[in-house]
>>> print(open('query-v2.cif').read())   # mmCIF, C-alpha atoms and all ligand atoms
data_protein
#
loop_
_atom_site.label_atom_id
_atom_site.label_comp_id
_atom_site.auth_asym_id
_atom_site.auth_seq_id
_atom_site.Cartn_x
_atom_site.Cartn_y
_atom_site.Cartn_z
CA MET A 36 -86.65 105.85 -68.14
CA ARG A 37 -85.19 106.95 -71.50
CA ALA A 38 -86.59 109.46 -74.01
CA VAL A 39 -85.80 107.13 -76.91
CA ASP A 40 -88.13 104.47 -75.47
CA LEU A 41 -90.97 106.97 -75.07
CA ILE A 42 -90.52 108.11 -78.68
CA ARG A 43 -90.70 104.50 -79.84
CA LYS A 44 -93.74 103.81 -77.66
CA LYS A 45 -95.66 106.71 -79.21
CA ARG A 46 -94.42 105.85 -82.69
CA ASP A 47 -95.81 102.34 -82.23
CA CYS A 48 -99.25 103.65 -81.12
CA GLY A 49 -98.67 103.08 -77.38
CA GLU A 50 -100.18 105.19 -74.60
CA LEU A 51 -97.80 107.13 -72.35
CA SER A 52 -98.50 107.03 -68.62
CA ARG A 53 -98.66 110.24 -66.58
CA GLU A 54 -95.23 109.42 -65.14
CA GLU A 55 -93.73 108.98 -68.61
CA THR A 56 -95.30 112.23 -69.83
CA GLY A 57 -93.90 113.99 -66.76
CA PHE A 58 -90.42 112.58 -67.44
CA LEU A 59 -90.48 113.81 -71.03
CA VAL A 60 -91.82 117.30 -70.30
CA SER A 61 -89.65 118.00 -67.25
CA GLY A 62 -86.57 116.58 -69.00
CA TYR A 63 -87.13 118.82 -72.02
CA THR A 64 -87.91 121.91 -69.94
CA SER A 65 -84.75 121.49 -67.88
CA GLY A 66 -82.59 120.92 -70.98
CA GLU A 67 -81.72 117.26 -70.26
CA ILE A 68 -83.76 116.04 -73.23
CA PRO A 69 -82.53 117.72 -76.45
CA ASP A 70 -84.63 119.39 -79.17
CA TYR A 71 -84.20 116.49 -81.60
CA GLN A 72 -85.71 113.93 -79.22
CA MET A 73 -88.62 116.18 -78.26
CA ALA A 74 -89.21 116.98 -81.95
CA ALA A 75 -89.34 113.26 -82.75
CA TRP A 76 -91.81 112.61 -79.92
CA LEU A 77 -93.98 115.57 -81.00
CA MET A 78 -94.13 114.22 -84.55
CA ALA A 79 -95.04 110.75 -83.26
CA ALA A 80 -97.77 112.34 -81.09
CA TRP A 81 -98.98 114.38 -84.06
CA ILE A 82 -99.25 111.30 -86.27
CA ARG A 83 -100.59 108.81 -83.70
CA GLY A 84 -102.73 111.24 -81.69
CA LEU A 85 -103.19 111.49 -77.93
CA ASN A 86 -106.16 110.04 -76.06
CA ARG A 87 -108.10 111.94 -73.36
CA ALA A 88 -105.98 110.56 -70.50
CA GLU A 89 -102.75 111.50 -72.30
CA ILE A 90 -104.08 115.01 -73.07
CA ALA A 91 -105.07 115.49 -69.41
CA ALA A 92 -101.64 114.29 -68.25
CA LEU A 93 -99.76 116.48 -70.75
CA THR A 94 -101.81 119.55 -69.81
CA GLU A 95 -101.23 119.01 -66.11
CA VAL A 96 -97.49 118.37 -66.30
CA MET A 97 -97.07 121.41 -68.57
CA LEU A 98 -99.18 123.52 -66.19
CA HIS A 99 -97.04 122.43 -63.22
CA SER A 100 -93.75 122.98 -65.08
CA GLY A 101 -93.88 126.46 -63.53
CA GLU A 102 -95.83 128.48 -61.02
CA VAL A 103 -99.60 128.54 -60.91
CA LEU A 104 -100.37 132.18 -60.15
CA SER A 105 -102.68 133.30 -57.44
CA LEU A 106 -103.89 136.84 -58.02
CA SER A 107 -106.06 136.89 -54.91
CA GLU A 108 -104.48 140.19 -53.80
CA ILE A 109 -106.14 141.83 -56.84
CA PRO A 110 -109.83 142.39 -56.09
CA GLY A 111 -112.56 141.21 -58.46
CA ARG A 112 -112.81 138.55 -61.11
CA LYS A 113 -110.02 137.63 -63.50
CA VAL A 114 -110.97 136.52 -67.00
CA ASP A 115 -109.12 135.78 -70.18
CA LYS A 116 -109.67 134.69 -73.76
CA HIS A 117 -107.52 132.53 -76.02
CA SER A 118 -107.80 131.73 -79.69
CA THR A 119 -106.57 128.60 -81.41
CA GLY A 120 -105.10 130.89 -84.07
CA GLY A 121 -105.94 132.23 -87.48
CA VAL A 122 -105.01 134.78 -90.13
CA GLY A 123 -105.56 138.41 -89.12
CA ASP A 124 -106.89 137.28 -85.74
CA LYS A 125 -106.15 140.26 -83.52
CA THR A 126 -109.13 140.28 -81.16
CA SER A 127 -106.95 140.02 -78.00
CA LEU A 128 -105.61 143.53 -78.65
CA ILE A 129 -109.18 144.84 -78.73
CA LEU A 130 -110.97 142.87 -76.07
CA ALA A 131 -108.30 143.06 -73.34
CA PRO A 132 -108.70 146.87 -73.03
CA ILE A 133 -112.49 146.67 -73.39
CA VAL A 134 -112.82 144.14 -70.58
CA ALA A 135 -110.25 145.89 -68.34
CA ALA A 136 -112.05 149.21 -68.92
CA GLY A 137 -115.24 147.44 -67.79
CA GLY A 138 -113.71 146.63 -64.40
CA LEU A 139 -112.52 143.02 -64.76
CA THR A 140 -108.86 141.96 -64.63
CA VAL A 141 -107.34 140.38 -67.75
CA PRO A 142 -104.03 138.59 -66.98
CA MET A 143 -103.23 137.45 -70.52
CA ILE A 144 -100.41 135.00 -71.23
CA SER A 145 -100.09 134.76 -75.00
CA GLY A 146 -97.94 133.14 -77.63
CA ARG A 147 -95.85 134.11 -80.62
CA GLY A 148 -96.61 133.26 -84.24
CA LEU A 149 -97.31 129.56 -84.71
CA GLY A 150 -97.26 127.92 -88.14
CA HIS A 151 -99.18 130.16 -90.54
CA THR A 152 -100.89 132.11 -87.73
CA GLY A 153 -99.75 135.32 -86.08
CA GLY A 154 -99.11 135.60 -82.33
CA THR A 155 -100.27 138.33 -79.94
CA LEU A 156 -96.76 138.83 -78.52
CA ASP A 157 -95.19 139.48 -81.93
CA LYS A 158 -97.99 141.93 -82.75
CA LEU A 159 -97.57 143.86 -79.51
CA GLU A 160 -93.82 144.06 -80.04
CA ALA A 161 -94.51 146.05 -83.22
CA ILE A 162 -95.20 148.91 -80.79
CA PRO A 163 -91.78 150.50 -80.17
CA GLY A 164 -90.54 149.66 -76.66
CA PHE A 165 -93.42 147.34 -75.73
CA ASN A 166 -92.08 144.74 -73.28
CA THR A 167 -93.83 141.36 -73.28
CA ASN A 168 -91.13 139.86 -70.99
CA LEU A 169 -92.25 141.31 -67.68
CA SER A 170 -91.14 139.60 -64.49
CA LEU A 171 -93.93 138.21 -62.35
CA ALA A 172 -93.63 141.14 -59.96
CA GLU A 173 -93.92 143.63 -62.84
CA PHE A 174 -96.87 141.70 -64.30
CA ARG A 175 -98.71 141.88 -60.96
CA SER A 176 -98.01 145.58 -60.64
CA VAL A 177 -99.30 146.32 -64.20
CA LEU A 178 -102.43 144.27 -63.50
CA HIS A 179 -102.98 146.16 -60.27
CA GLU A 180 -102.65 149.51 -61.92
CA CYS A 181 -104.62 149.07 -65.14
CA GLY A 182 -106.44 145.74 -65.01
CA MET A 183 -104.74 144.22 -68.04
CA GLY A 184 -101.29 142.78 -68.72
CA LEU A 185 -100.08 140.87 -71.78
CA ILE A 186 -96.99 138.73 -71.47
CA GLY A 187 -95.50 135.49 -72.82
CA GLN A 188 -94.80 132.22 -71.12
CA THR A 189 -91.79 132.76 -68.83
CA ALA A 190 -89.23 130.77 -66.88
CA GLU A 191 -91.76 131.06 -64.03
CA ILE A 192 -95.12 130.54 -65.80
CA ALA A 193 -95.69 127.65 -68.21
CA PRO A 194 -91.99 127.30 -69.15
CA ALA A 195 -92.70 123.91 -70.77
CA ASP A 196 -95.14 125.53 -73.20
CA LYS A 197 -92.63 128.28 -73.98
CA LYS A 198 -90.07 125.70 -75.18
CA ILE A 199 -92.44 123.20 -76.78
CA TYR A 200 -94.44 125.93 -78.56
CA ALA A 201 -91.30 127.33 -80.21
CA LEU A 202 -90.25 123.83 -81.29
CA ARG A 203 -93.70 122.96 -82.71
CA ASP A 204 -93.68 126.18 -84.74
CA VAL A 205 -90.67 125.04 -86.76
CA THR A 206 -91.23 121.27 -86.88
CA SER A 207 -94.72 121.20 -88.42
CA THR A 208 -96.25 119.68 -85.30
CA VAL A 209 -98.89 122.29 -84.57
CA GLU A 210 -102.21 120.91 -85.86
CA SER A 211 -102.88 118.30 -83.20
CA ALA A 212 -105.89 118.60 -80.88
CA GLY A 213 -103.98 117.12 -77.93
CA LEU A 214 -100.92 119.34 -78.36
CA ILE A 215 -103.07 122.46 -78.88
CA CYS A 216 -105.21 121.72 -75.83
CA ALA A 217 -102.18 121.13 -73.59
CA SER A 218 -100.43 124.25 -74.90
CA ILE A 219 -103.39 126.59 -74.47
CA MET A 220 -104.82 125.23 -71.26
CA SER A 221 -101.46 124.88 -69.46
CA LYS A 222 -100.69 128.57 -69.82
CA LYS A 223 -104.27 129.73 -69.27
CA LEU A 224 -104.72 127.64 -66.12
CA ALA A 225 -101.45 129.04 -64.77
CA GLU A 226 -102.75 132.61 -64.94
CA GLY A 227 -104.87 132.64 -61.81
CA ILE A 228 -108.11 133.26 -63.73
CA ASP A 229 -111.70 132.52 -62.72
CA ALA A 230 -113.08 132.24 -66.25
CA LEU A 231 -111.90 131.69 -69.80
CA VAL A 232 -113.46 132.27 -73.21
CA LEU A 233 -112.00 130.16 -76.01
CA ASP A 234 -112.19 131.17 -79.65
CA VAL A 235 -111.82 127.91 -81.55
CA LYS A 236 -111.30 128.64 -85.22
CA THR A 237 -112.61 126.44 -87.99
CA GLY A 238 -112.02 126.53 -91.73
CA SER A 239 -109.23 126.71 -94.26
CA GLY A 240 -107.20 129.28 -92.26
CA ALA A 241 -107.49 127.38 -88.96
CA PHE A 242 -105.44 124.49 -87.61
CA MET A 243 -108.69 122.51 -87.50
CA LYS A 244 -110.16 122.70 -91.00
CA LYS A 245 -113.28 120.65 -90.33
CA GLU A 246 -115.96 121.92 -88.00
CA GLU A 247 -116.35 118.56 -86.26
CA ASP A 248 -112.60 118.57 -85.40
CA SER A 249 -112.89 122.11 -84.00
CA VAL A 250 -115.87 121.03 -81.91
CA ARG A 251 -113.93 118.05 -80.55
CA LEU A 252 -110.99 120.32 -79.66
CA ALA A 253 -113.37 122.81 -78.00
CA GLU A 254 -115.00 120.04 -75.96
CA VAL A 255 -111.70 118.70 -74.65
CA MET A 256 -110.50 122.20 -73.71
CA VAL A 257 -113.79 123.13 -72.01
CA GLU A 258 -113.74 119.81 -70.11
CA THR A 259 -110.12 120.41 -69.01
CA GLY A 260 -110.90 123.92 -67.77
CA LYS A 261 -114.03 122.85 -65.91
CA ARG A 262 -112.17 119.97 -64.27
CA MET A 263 -109.80 122.60 -62.87
CA GLY A 264 -112.72 124.59 -61.45
CA LYS A 265 -112.86 127.36 -64.08
CA LYS A 266 -115.87 128.71 -65.95
CA VAL A 267 -115.14 128.05 -69.62
CA VAL A 268 -117.03 128.47 -72.88
CA ALA A 269 -115.76 128.01 -76.42
CA LEU A 270 -117.07 129.85 -79.47
CA ILE A 271 -116.50 128.01 -82.74
CA THR A 272 -115.79 130.81 -85.22
CA ASP A 273 -115.23 130.94 -88.95
CA MET A 274 -111.68 131.15 -90.31
CA ASN A 275 -112.26 130.54 -94.01
CA GLN A 276 -111.05 134.06 -94.67
CA PRO A 277 -108.84 136.50 -92.77
CA LEU A 278 -110.44 138.33 -89.86
CA GLY A 279 -110.61 142.04 -90.71
CA ARG A 280 -108.76 143.63 -93.62
CA MET A 281 -105.21 143.46 -92.30
CA ALA A 282 -102.61 140.83 -91.48
CA GLY A 283 -99.06 141.51 -90.26
CA HIS A 284 -97.89 142.88 -86.93
CA SER A 285 -97.95 146.67 -87.43
CA ASN A 286 -101.00 146.37 -89.66
CA GLU A 287 -102.90 144.45 -87.01
CA VAL A 288 -102.03 146.89 -84.23
CA TRP A 289 -103.28 149.67 -86.51
CA GLU A 290 -106.54 147.85 -87.32
CA SER A 291 -107.15 146.99 -83.64
CA MET A 292 -106.85 150.67 -82.76
CA GLU A 293 -109.31 151.47 -85.54
CA VAL A 294 -111.89 149.24 -83.82
CA LEU A 295 -111.11 150.82 -80.44
CA LYS A 296 -111.74 154.21 -82.11
CA GLY A 297 -115.22 153.05 -83.18
CA ARG A 298 -114.20 152.30 -86.77
CA GLY A 299 -112.69 149.20 -88.39
CA PRO A 300 -114.22 146.31 -90.31
CA ASP A 301 -117.55 144.82 -89.20
CA ASP A 302 -116.40 141.19 -88.80
CA LEU A 303 -113.50 142.13 -86.53
CA ARG A 304 -115.61 144.52 -84.46
CA ASP A 305 -118.50 142.05 -84.13
CA LEU A 306 -116.31 139.15 -83.03
CA SER A 307 -114.31 141.29 -80.57
CA LEU A 308 -117.54 142.57 -79.00
CA GLU A 309 -119.03 139.07 -78.86
CA LEU A 310 -115.96 137.64 -77.12
CA SER A 311 -115.78 140.52 -74.65
CA ALA A 312 -119.52 140.13 -73.98
CA TRP A 313 -118.90 136.51 -72.96
CA MET A 314 -115.97 137.59 -70.79
CA PHE A 315 -118.19 140.10 -68.97
CA PHE A 316 -120.86 137.44 -68.49
CA LEU A 317 -118.51 134.69 -67.25
CA GLY A 318 -116.70 137.25 -65.08
CA GLU A 319 -120.08 138.06 -63.47
CA ARG A 320 -119.81 141.70 -64.45
CA THR A 321 -123.11 141.46 -66.37
CA LYS A 322 -126.16 139.26 -65.93
CA SER A 323 -126.32 138.20 -69.56
CA VAL A 324 -124.22 138.07 -72.70
CA ASP A 325 -126.50 140.71 -74.29
CA GLU A 326 -125.79 143.06 -71.41
CA GLY A 327 -122.09 142.29 -71.85
CA ARG A 328 -122.32 143.26 -75.53
CA ALA A 329 -124.06 146.55 -74.70
CA LEU A 330 -121.38 147.33 -72.10
CA SER A 331 -118.60 146.54 -74.60
CA GLU A 332 -120.19 148.85 -77.20
CA LYS A 333 -120.44 151.64 -74.64
CA LEU A 334 -116.79 151.29 -73.57
CA VAL A 335 -115.73 151.65 -77.21
CA ALA A 336 -118.13 154.53 -77.98
CA THR A 337 -116.93 156.52 -74.96
CA CYS A 338 -113.22 155.88 -75.78
CA GLN A 339 -112.70 154.27 -72.36
CA ALA A 340 -111.34 151.12 -74.01
CA LEU A 341 -108.97 153.16 -76.20
CA GLU A 342 -107.67 155.02 -73.15
CA LYS A 343 -107.15 151.67 -71.39
CA PHE A 344 -105.12 150.48 -74.37
CA ARG A 345 -102.98 153.63 -74.17
CA GLN A 346 -102.40 153.09 -70.44
CA GLY A 347 -101.52 149.42 -71.03
CA ILE A 348 -98.94 150.36 -73.66
CA ARG A 349 -97.36 152.95 -71.33
CA LEU A 350 -97.18 150.57 -68.37
CA GLN A 351 -95.46 147.90 -70.47
CA GLY A 352 -92.83 150.36 -71.68
CA GLY A 353 -94.30 151.02 -75.14
CA ASP A 354 -94.55 154.28 -77.04
CA GLU A 355 -98.15 155.31 -76.37
CA ARG A 356 -97.94 157.97 -79.08
CA VAL A 357 -98.77 155.21 -81.62
CA VAL A 358 -102.40 155.54 -80.53
CA ASP A 359 -102.69 159.00 -82.10
CA GLU A 360 -99.81 158.66 -84.56
CA PRO A 361 -99.96 155.10 -85.95
CA GLU A 362 -97.30 156.00 -88.51
CA ARG A 363 -94.84 155.49 -85.63
CA LEU A 364 -95.39 151.72 -86.06
CA PRO A 365 -92.77 150.03 -88.28
CA GLN A 366 -93.66 150.58 -91.95
CA ALA A 367 -92.64 148.43 -94.92
CA ARG A 368 -90.60 150.13 -97.65
CA PHE A 369 -92.40 148.69 -100.66
CA HIS A 370 -95.91 147.83 -101.79
CA ALA A 371 -97.05 145.39 -104.50
CA GLU A 372 -100.50 144.35 -105.68
CA VAL A 373 -102.11 141.01 -106.44
CA ILE A 374 -104.87 141.72 -108.94
CA SER A 375 -107.88 139.75 -110.11
CA PRO A 376 -107.33 137.81 -113.36
CA ALA A 377 -111.02 138.19 -114.31
CA ALA A 378 -114.28 139.90 -113.40
CA GLY A 379 -116.56 137.88 -111.12
CA TYR A 380 -117.19 136.87 -107.53
CA VAL A 381 -114.41 136.25 -105.07
CA ASN A 382 -113.84 133.03 -103.19
CA ILE A 383 -110.90 132.23 -100.90
CA THR A 384 -110.17 128.54 -101.14
CA ASN A 385 -107.02 128.43 -99.04
CA CYS A 386 -106.83 130.96 -96.23
CA GLU A 387 -103.87 129.12 -94.63
CA GLN A 388 -101.75 130.01 -97.66
CA LEU A 389 -102.40 133.71 -97.00
CA GLY A 390 -100.86 133.27 -93.55
CA THR A 391 -97.97 131.32 -95.06
CA ALA A 392 -97.37 134.13 -97.58
CA LEU A 393 -97.03 136.57 -94.69
CA ALA A 394 -94.63 134.24 -92.89
CA VAL A 395 -92.56 133.89 -96.09
CA LEU A 396 -92.27 137.69 -96.33
CA GLY A 397 -90.63 137.67 -92.87
CA GLY A 398 -93.75 137.93 -90.69
CA GLY A 399 -93.13 134.40 -89.29
CA ARG A 400 -90.21 132.17 -88.33
CA GLU A 401 -88.50 129.35 -90.19
CA LYS A 402 -86.11 128.60 -87.31
CA LYS A 403 -86.61 129.10 -83.60
CA GLU A 404 -84.05 131.88 -83.38
CA ASP A 405 -85.44 133.93 -86.31
CA LYS A 406 -86.61 137.49 -85.67
CA VAL A 407 -89.91 138.52 -87.26
CA ASP A 408 -90.27 141.60 -89.44
CA HIS A 409 -93.01 143.68 -87.80
CA ALA A 410 -93.49 145.92 -90.85
CA VAL A 411 -94.47 143.36 -93.49
CA GLY A 412 -98.14 142.73 -94.01
CA LEU A 413 -101.09 142.00 -96.24
CA GLU A 414 -104.10 144.19 -96.88
CA PHE A 415 -107.16 142.31 -98.14
CA HIS A 416 -109.46 144.32 -100.39
CA LYS A 417 -112.11 141.70 -101.08
CA ARG A 418 -114.05 139.28 -98.92
CA ILE A 419 -115.70 136.01 -99.94
CA GLY A 420 -118.74 136.80 -102.12
CA ASP A 421 -117.59 140.32 -103.11
CA HIS A 422 -117.71 141.29 -106.77
CA VAL A 423 -114.40 142.18 -108.41
CA GLU A 424 -113.50 143.66 -111.80
CA LYS A 425 -110.70 142.29 -113.97
CA ASN A 426 -107.36 143.80 -112.82
CA GLU A 427 -108.92 145.17 -109.64
CA LYS A 428 -106.78 144.77 -106.49
CA LEU A 429 -107.35 141.67 -104.37
CA VAL A 430 -104.44 142.11 -101.96
CA THR A 431 -101.78 144.74 -101.30
CA ILE A 432 -98.48 143.30 -100.09
CA HIS A 433 -96.34 145.40 -97.73
CA TYR A 434 -92.78 144.07 -98.00
CA ASN A 435 -89.15 144.90 -97.32
CA SER A 436 -87.19 142.52 -99.53
CA ASP A 437 -87.66 141.33 -103.12
CA ALA A 438 -86.21 137.91 -102.29
CA LYS A 439 -89.49 136.25 -101.29
CA LEU A 440 -91.96 138.49 -103.10
CA ALA A 441 -92.60 136.15 -106.05
CA GLU A 442 -93.20 133.18 -103.73
CA ALA A 443 -95.60 135.23 -101.58
CA LYS A 444 -97.46 136.50 -104.66
CA ASN A 445 -97.91 132.93 -105.94
CA LEU A 446 -99.22 131.75 -102.59
CA ILE A 447 -101.69 134.63 -102.49
CA SER A 448 -102.98 134.40 -106.05
CA SER A 449 -103.47 130.65 -105.77
CA SER A 450 -105.55 131.17 -102.61
CA TYR A 451 -108.24 133.04 -104.55
CA VAL A 452 -110.74 131.84 -107.12
CA VAL A 453 -112.82 134.34 -109.12
CA SER A 454 -115.89 132.83 -110.75
CA GLU A 455 -118.99 133.96 -112.60
CA SER A 456 -121.41 133.04 -109.83
CA ALA A 457 -121.22 134.02 -106.17
CA PRO A 458 -120.15 131.25 -103.73
CA ARG A 459 -123.36 129.76 -102.35
CA GLU A 460 -122.76 129.39 -98.65
CA GLN A 461 -122.16 132.60 -96.63
CA ARG A 462 -120.95 131.21 -93.33
CA ALA A 463 -121.93 132.80 -90.01
CA LEU A 464 -118.95 134.17 -88.10
CA VAL A 465 -119.93 132.47 -84.83
CA ARG A 466 -120.87 128.92 -85.74
CA ARG A 467 -121.57 127.31 -82.35
CA ILE A 468 -121.04 127.75 -78.64
CA ILE A 469 -119.73 124.86 -76.55
CA GLY A 470 -120.08 124.66 -72.80
CA ALA A 471 -122.50 127.58 -72.33
N1 LIG A 501 -102.34 128.72 -79.42
C1 LIG A 501 -101.53 128.20 -78.47
O1 LIG A 501 -101.23 128.85 -77.48
N2 LIG A 501 -101.07 126.95 -78.65
C2 LIG A 501 -101.39 126.20 -79.70
O2 LIG A 501 -100.94 125.07 -79.78
C3 LIG A 501 -102.22 126.74 -80.70
C4 LIG A 501 -102.69 128.02 -80.54
#
>>> encode(input="query-v2.cif", output="C-alpha cells", more="lines below")
Ligand code: URA
Amino acid sequence: MRAVDLIRKKRDCGELSREETGFLVSGYTSGEIPDYQMAAWLMAAWIRGLNRAEIAALTEVMLHSGEVLSLSEIPGRKVDKHSTGGVGDKTSLILAPIVAAGGLTVPMISGRGLGHTGGTLDKLEAIPGFNTNLSLAEFRSVLHECGMGLIGQTAEIAPADKKIYALRDVTSTVESAGLICASIMSKKLAEGIDALVLDVKTGSGAFMKKEEDSVRLAEVMVETGKRMGKKVVALITDMNQPLGRMAGHSNEVWESMEVLKGRGPDDLRDLSLELSAWMFFLGERTKSVDEGRALSEKLVATCQALEKFRQGIRLQGGDERVVDEPERLPQARFHAEVISPAAGYVNITNCEQLGTALAVLGGGREKKEDKVDHAVGLEFHKRIGDHVEKNEKLVTIHYNSDAKLAEAKNLISSSYVVSESAPREQRALVRRIIGA
C-alpha cells in the first residue's frame, strides 16, 4: 500500500477501507508517512467528506493508536465533557472542578487551540508552572488524589490525534464532521470514562455554522460513543457570539475563576452549570439533571469547586496563588479599544473573525511549532441586542506587539454591525439535546 494512492483515492471521491485508514494513520503516527502526504489526504477528506463507515474506521484506528486507559482502580464513575470549540469557550475549567468536588472522577484529555478556537491546554498553561504533559502514572496519581486531571494527548494516549490535530490546525482542515468526530471521540474513548457530555457548538463562531450540520455531527458522535458502550449526550449550544466576556488564555482562566467564586457572566455560568448537571446525571451521582444543577450550584456557592480547582492546580505543578491573586497570570503590556461607529443595537455577524483576531495577536498558531502568547486577549463589552452609544467601547484588545494590531482591529470591527433596530431573534443558549 502507498500513501500517494490513498490520497488519490480520496481525491477522486473513493471510500477508504478500514485497512487503508489503518495504514495511513499508523504510518503517519510512526513518522513513516510525512506531514505533506497526510496534509494532502486531510484536505481531500475535508473536500470529499467521509461516510459513516470511514468515520467509524478513522475513530477506531486513532483510538487504538495508543493505550485505552482502564481506571478501574479508581472507585466510582468517570465522566468527561468535550466541546467542538468556540470563542471564549472555557467551560472545562469550571465544570471539571465542580464535578470532581461532587465526587465523580474527571479524567480530561484536551486539545490545544484549533483554527480560530482556543484550546483548554493552552489556557491552563497560562497558569505559571501548570504541567499538561503528565505521564500516565502521574495522571493516575492526580486523579486518585483530587478526582480531576487535565492533560493533552500523549505518546501513550491518542498519539494519532496529537499529531493529526496539530497538522489540521495549520492546514485549514478543521471544519469536517468526520475529522472532528474521529479527533474528539478517539481521545475521549481512550480515557477510561463511563459517560461523556458533548457540547456541540453551532453558529458563526463554531466550526459547524448551520444548526443542521451541528446536529448531524452530534448524532454521529453520540452513535460512536454508544457503540463503544458509553453513556453519551450532546447539547447543541449557541456560538453566534463569544461565551462570557473574555477570550485569551489568561483572560479565560481569570473569568473561569470568577464563575467558581460565584460571580462571572450569566451565559458562561448557566452553560457550565448545565453541562455539569448532565455530567452528574450521566455519572449516576444524581437522579435527574435538575438535581445535578442544584448540586452544581451548591458546590459553587460553598466554594468547594473553587478549592478543588486550587488543589488541581497544585497537583499539576501550577502556582495556586493565582486563585487569590489573578494578577500573577501573564498580563499584556498594552490595551486598545474598538469603539462603536454609531449609536444603536449591537449585532455580531462573524464571531469566527473574533477568534481569528485573537489568533493574529499571538493567541493562536500559524505553524505547528509556534508558541502562543498567553497574555493577549479580547474583552467584549457588548452582547448581541445590547444598546450602544456612538464611540462607546465594543471590545478592549490586550496586546503585546503593534505588528498585528491593525489587522486584529479590522477583523474585530468588521465582525460587528450596529443598527437602529434590535436584531430580531434572541437565540437560546442550549438549542437542542441529542441522545438524552
Ligand atoms: N476538538 C477536538 O478535540 N478536535 C476537533 O477536531 C475539534 C474540536
>>> residues_near_ligand(input="query-v2.cif", ligand="ligand LIG 501 (chain A)", cutoff="10 Å", atoms="only C-alpha atoms and all ligand atoms", output="JSON, numbers by chain")
{"A": [117, 118, 119, 120, 121, 144, 145, 146, 147, 148, 149, 150, 152, 153, 154, 155, 187, 188, 196, 197, 199, 200, 201, 203, 204, 208, 209, 210, 211, 212, 213, 214, 215, 216, 217, 218, 219, 220, 221, 222, 223, 235, 236, 241, 242]}
>>> atom_distance(input="query-v2.cif", atom1="CA of Pro132 (chain A)", atom2="CA of Met263 (chain A)")
26.3 Å
>>> residues_around(input="query-v2.cif", residues="region 320-328 of chain A", least_positions_apart="5", cutoff="10 Å", atoms="only C-alpha atoms", output="list in words")
Gly111, Arg112, Val134, Gly137, Gly138, Leu139, Asp305, Ser307, Leu308, Glu309, Leu310, Ser311, Ala312, Trp313, Met314, Phe315, Lys333 and Leu334 of chain A
>>> atom_distance(input="query-v2.cif", atom1="CA of Arg356 (chain A)", atom2="CA of Gly184 (chain A)")
18.7 Å
>>> closest_residue(input="query-v2.cif", among="A:Val357, A:Ala410, A:Leu270, A:Met97", to="Arg466 (chain A)", atoms="all atoms listed in the file")
A:Leu270
>>> atom_distance(input="query-v2.cif", atom1="CA of Ala135 (chain A)", atom2="CA of Asp115 (chain A)")
10.3 Å
>>> residues_around(input="query-v2.cif", residues="Leu51 (chain A)", least_positions_apart="4", cutoff="7 Å", atoms="all atoms listed in the file", output="short mmCIF file (atom, residue, chain, number, x, y, z; two decimals) with C-alpha atoms, keeping the file's coordinate frame")
data_model
loop_
_atom_site.label_atom_id
_atom_site.label_comp_id
_atom_site.auth_asym_id
_atom_site.auth_seq_id
_atom_site.Cartn_x
_atom_site.Cartn_y
_atom_site.Cartn_z
CA GLU A 55 -93.73 108.98 -68.61
CA THR A 56 -95.30 112.23 -69.83
CA GLU A 89 -102.75 111.50 -72.30
#
>>> residues_around(input="query-v2.cif", residues="Lys296 (chain A)", least_positions_apart="4", cutoff="12 Å", atoms="only C-alpha atoms", output="ChimeraX atom specification")
/A:129,133,289-292,300,304,332-345,358-359
>>> write_last_selection(input="query-v2.cif", atoms="C-alpha atoms", output="PDB file, in the frame of the given file")
ATOM      1  CA  ILE A 129    -109.180 144.840 -78.730  1.00  0.00           C
ATOM      2  CA  ILE A 133    -112.490 146.670 -73.390  1.00  0.00           C
ATOM      3  CA  TRP A 289    -103.280 149.670 -86.510  1.00  0.00           C
ATOM      4  CA  GLU A 290    -106.540 147.850 -87.320  1.00  0.00           C
ATOM      5  CA  SER A 291    -107.150 146.990 -83.640  1.00  0.00           C
ATOM      6  CA  MET A 292    -106.850 150.670 -82.760  1.00  0.00           C
ATOM      7  CA  PRO A 300    -114.220 146.310 -90.310  1.00  0.00           C
ATOM      8  CA  ARG A 304    -115.610 144.520 -84.460  1.00  0.00           C
ATOM      9  CA  GLU A 332    -120.190 148.850 -77.200  1.00  0.00           C
ATOM     10  CA  LYS A 333    -120.440 151.640 -74.640  1.00  0.00           C
ATOM     11  CA  LEU A 334    -116.790 151.290 -73.570  1.00  0.00           C
ATOM     12  CA  VAL A 335    -115.730 151.650 -77.210  1.00  0.00           C
ATOM     13  CA  ALA A 336    -118.130 154.530 -77.980  1.00  0.00           C
ATOM     14  CA  THR A 337    -116.930 156.520 -74.960  1.00  0.00           C
ATOM     15  CA  CYS A 338    -113.220 155.880 -75.780  1.00  0.00           C
ATOM     16  CA  GLN A 339    -112.700 154.270 -72.360  1.00  0.00           C
ATOM     17  CA  ALA A 340    -111.340 151.120 -74.010  1.00  0.00           C
ATOM     18  CA  LEU A 341    -108.970 153.160 -76.200  1.00  0.00           C
ATOM     19  CA  GLU A 342    -107.670 155.020 -73.150  1.00  0.00           C
ATOM     20  CA  LYS A 343    -107.150 151.670 -71.390  1.00  0.00           C
ATOM     21  CA  PHE A 344    -105.120 150.480 -74.370  1.00  0.00           C
ATOM     22  CA  ARG A 345    -102.980 153.630 -74.170  1.00  0.00           C
ATOM     23  CA  VAL A 358    -102.400 155.540 -80.530  1.00  0.00           C
ATOM     24  CA  ASP A 359    -102.690 159.000 -82.100  1.00  0.00           C
TER      25      ASP A 359
END
>>> closest_residue(input="query-v2.cif", among="A:Val430, A:Val452, A:Ile192, A:Ala161", to="Gly353 (chain A)", atoms="only C-alpha atoms")
A:Ala161
>>> residues_around(input="query-v2.cif", residues="Pro376 (chain A)", least_positions_apart="5", cutoff="9 Å", atoms="only C-alpha atoms", output="NGL selection string")
:A and (424-427 or 453)
>>> residues_near_point(input="query-v2.cif", point="(-97.8, 143.7, -66.2)", cutoff="9 Å", atoms="only C-alpha atoms", output="ChimeraX atom specification")
/A:142,167,169-186,347,350-351
>>> residues_around(input="query-v2.cif", residues="Val103 (chain A)", least_positions_apart="2", cutoff="9 Å", atoms="all atoms listed in the file", output="short mmCIF file (atom, residue, chain, number, x, y, z; two decimals) with C-alpha atoms, keeping the file's coordinate frame")
data_model
loop_
_atom_site.label_atom_id
_atom_site.label_comp_id
_atom_site.auth_asym_id
_atom_site.auth_seq_id
_atom_site.Cartn_x
_atom_site.Cartn_y
_atom_site.Cartn_z
CA LEU A 98 -99.18 123.52 -66.19
CA HIS A 99 -97.04 122.43 -63.22
CA GLY A 101 -93.88 126.46 -63.53
CA SER A 105 -102.68 133.30 -57.44
CA GLU A 191 -91.76 131.06 -64.03
CA ILE A 192 -95.12 130.54 -65.80
CA ALA A 193 -95.69 127.65 -68.21
CA LYS A 222 -100.69 128.57 -69.82
CA LEU A 224 -104.72 127.64 -66.12
CA ALA A 225 -101.45 129.04 -64.77
CA GLU A 226 -102.75 132.61 -64.94
CA GLY A 227 -104.87 132.64 -61.81
#
